[in-house]
Amino acid sequence: MGRQHTSANPANPKLAPWPERMARLASEARNPHLKAFYDAGCVAPETPMSQVPLVALDFETTGLDPNTHSIVSIGLVPMTLQRIRCRDAQHWIIRPPLPLQRESITIHGITHSDIEEAPDLTEILAEFLPALAGKVVVVHHRGIERPFLEVALQWRLREGIEFPVIDTMAIEAKLHPRRSPNWLSRVRGKRALSIRLPDSRLRYGLPHYPPHHALTDALASAELLQAQIQHHFSPDTPVGELWY
């Protein structure tokens, strides 16, 4: 697949004034971990992607609704466009406030014995939030990590959290707007193009990783973003064109 230097923005993000928002949130935060997180700020929107500190993040959860389900594991991998820092990757099993559900155990394989001695989310904030601080977070489907963390912290600290994300799924969605075939194509056997993480990686020739492990999925998202920038953007693409 050849590189396409697109003048339009395939991700079509909300161009959020993140540096200003982070400064405002720092002045309003009551929890010291959150205040330190916001005080680290973030890069200006015009910063080229080649100069942006990034961290790929993935959660495994007990379900898909942040208001009724919980985080059970967190994986993160610091990265830049040039390098994925696996040596600095981190993974936590988290004890959820509600019992595990059979369906989620089947998907991610985290069992009751795994969480029995696991810490609560509040017990790892001193490690977790500094690993995100000052970086732009890379996820595959922003409807999981940011909403789940927001609800989890609101429930525990009475304060939520905001941070910029680059969503590799949103990039794929904008690159493939006609991924659902019309009725005639369906009759002829054509299937919808998938923008799930494993299927998106296949389009770039990236290797298959077993899914539903937070650390592996974070690594998979990191590699996918590098491939997307290489094929469809440029290292000089401003981060403000990609973040939400």
# chains A, B, ... in the order shown; residues from 1 in each chain; ligands from 1
>>> select_by_dssp(residues="region 67-209 of chain A", states="alpha helix (DSSP H)", output="ChimeraX atom specification")
/A:102-108,112-115,125-132,145-157,168-175,183-187,197-202
>>> residues_around(residues="Val137 (chain A)", least_positions_apart="2", cutoff="9 Å", atoms="only C-alpha atoms", output="list of chain:residue names")
A:Pro53, A:Leu54, A:Val55, A:Ala56, A:Leu57, A:Leu132, A:Lys135, A:Val139, A:Phe163, A:Pro164, A:Val165, A:Ile166, A:Asp167, A:Trp243
>>> write_last_selection(atoms="C-alpha atoms", output="CSV table (one decimal), in the first residue's frame")
chain,number,residue,atom,x,y,z
A,53,PRO,CA,5.1,11.8,23.0
A,54,LEU,CA,2.5,9.1,22.8
A,55,VAL,CA,1.2,6.3,25.0
A,56,ALA,CA,-0.9,3.4,23.7
A,57,LEU,CA,-3.6,2.4,26.2
A,132,LEU,CA,0.0,9.1,30.8
A,135,LYS,CA,1.4,12.4,26.4
A,139,VAL,CA,-6.6,3.9,21.6
A,163,PHE,CA,-7.2,13.9,28.0
A,164,PRO,CA,-6.6,14.0,24.3
A,165,VAL,CA,-6.7,10.7,22.4
A,166,ILE,CA,-5.9,9.6,18.9
A,167,ASP,CA,-8.4,6.9,17.9
A,243,TRP,CA,-6.7,14.1,18.2
>>> residues_around(residues="Leu125 (chain A)", least_positions_apart="6", cutoff="12 Å", atoms="only C-alpha atoms", output="ChimeraX atom specification")
/A:31-37,74,92,94,119,131-133,149,152-153,156-157
>>> select_by_dssp(residues="region 2-243 of chain A", states="strand (DSSP E or B)", output="NGL selection string")
:A and (48 or 54-61 or 71-79 or 84 or 90-93 or 136-139 or 165-167 or 238 or 243)
>>> closest_atom_pairs(of="region 62-138 of chain A", to="region 223-241 of chain A", cutoff="12 Å", atoms="only C-alpha atoms", output="tab-separated table")
residue	atom	partner	partner_atom	distance
A:Val77	CA	A:Glu223	CA	10.5
A:Pro78	CA	A:Glu223	CA	11.5
A:Met79	CA	A:Glu223	CA	9.4
A:Thr80	CA	A:Gln226	CA	8.4
A:Leu81	CA	A:Gln226	CA	5.7
A:Gln82	CA	A:Gln226	CA	7.9
A:Arg83	CA	A:Gln226	CA	9.0
A:Ile84	CA	A:Glu223	CA	7.9
A:Arg85	CA	A:Glu223	CA	11.3
A:Cys86	CA	A:Glu223	CA	11.5
A:Lys135	CA	A:Val239	CA	11.4
A:Val136	CA	A:Val239	CA	8.9
A:Val137	CA	A:Leu225	CA	11.2
A:Val138	CA	A:Leu225	CA	7.8
>>> closest_residue(among="A:Thr216, A:Pro48, A:Leu242, A:Leu197", to="Gln90 (chain A)", atoms="only C-alpha atoms")
A:Thr216
>>> closest_residue(among="A:Gly160, A:Pro177, A:Pro130, A:Gly75", to="Ala220 (chain A)", atoms="only C-alpha atoms")
A:Gly75
>>> residues_around(residues="region 18-27 of chain A", least_positions_apart="4", cutoff="6 Å", atoms="only C-alpha atoms", output="compact mmCIF listing (two decimals) with N, CA and C atoms, in the first residue's frame")
# COMPACT_ATOMS: atom_id res chain seq x y z
N LYS A 35 -4.27 16.59 39.72
CA LYS A 35 -3.64 17.90 39.52
C LYS A 35 -2.27 17.75 38.87
N TYR A 38 -2.71 16.91 35.16
CA TYR A 38 -3.05 18.06 34.32
C TYR A 38 -1.91 19.06 34.24
N ASP A 39 -1.16 19.22 35.33
CA ASP A 39 -0.04 20.17 35.31
C ASP A 39 1.01 19.79 34.27
N GLY A 41 0.41 19.02 31.35
CA GLY A 41 -0.02 19.64 30.11
C GLY A 41 0.02 18.70 28.92
N CYS A 42 0.06 19.29 27.74
CA CYS A 42 0.21 18.50 26.51
C CYS A 42 0.77 19.40 25.41
>>> closest_residue(among="A:Ala173, A:Val52, A:Ala222, A:Leu215", to="Ala89 (chain A)", atoms="only C-alpha atoms")
A:Leu215
>>> atom_distance(atom1="CA of Arg201 (chain A)", atom2="CA of Glu172 (chain A)")
10.2 Å
>>> atom_distance(atom1="CA of Asp120 (chain A)", atom2="CA of Pro210 (chain A)")
26.2 Å
>>> atom_distance(atom1="CA of Arg142 (chain A)", atom2="CA of Arg95 (chain A)")
22.4 Å
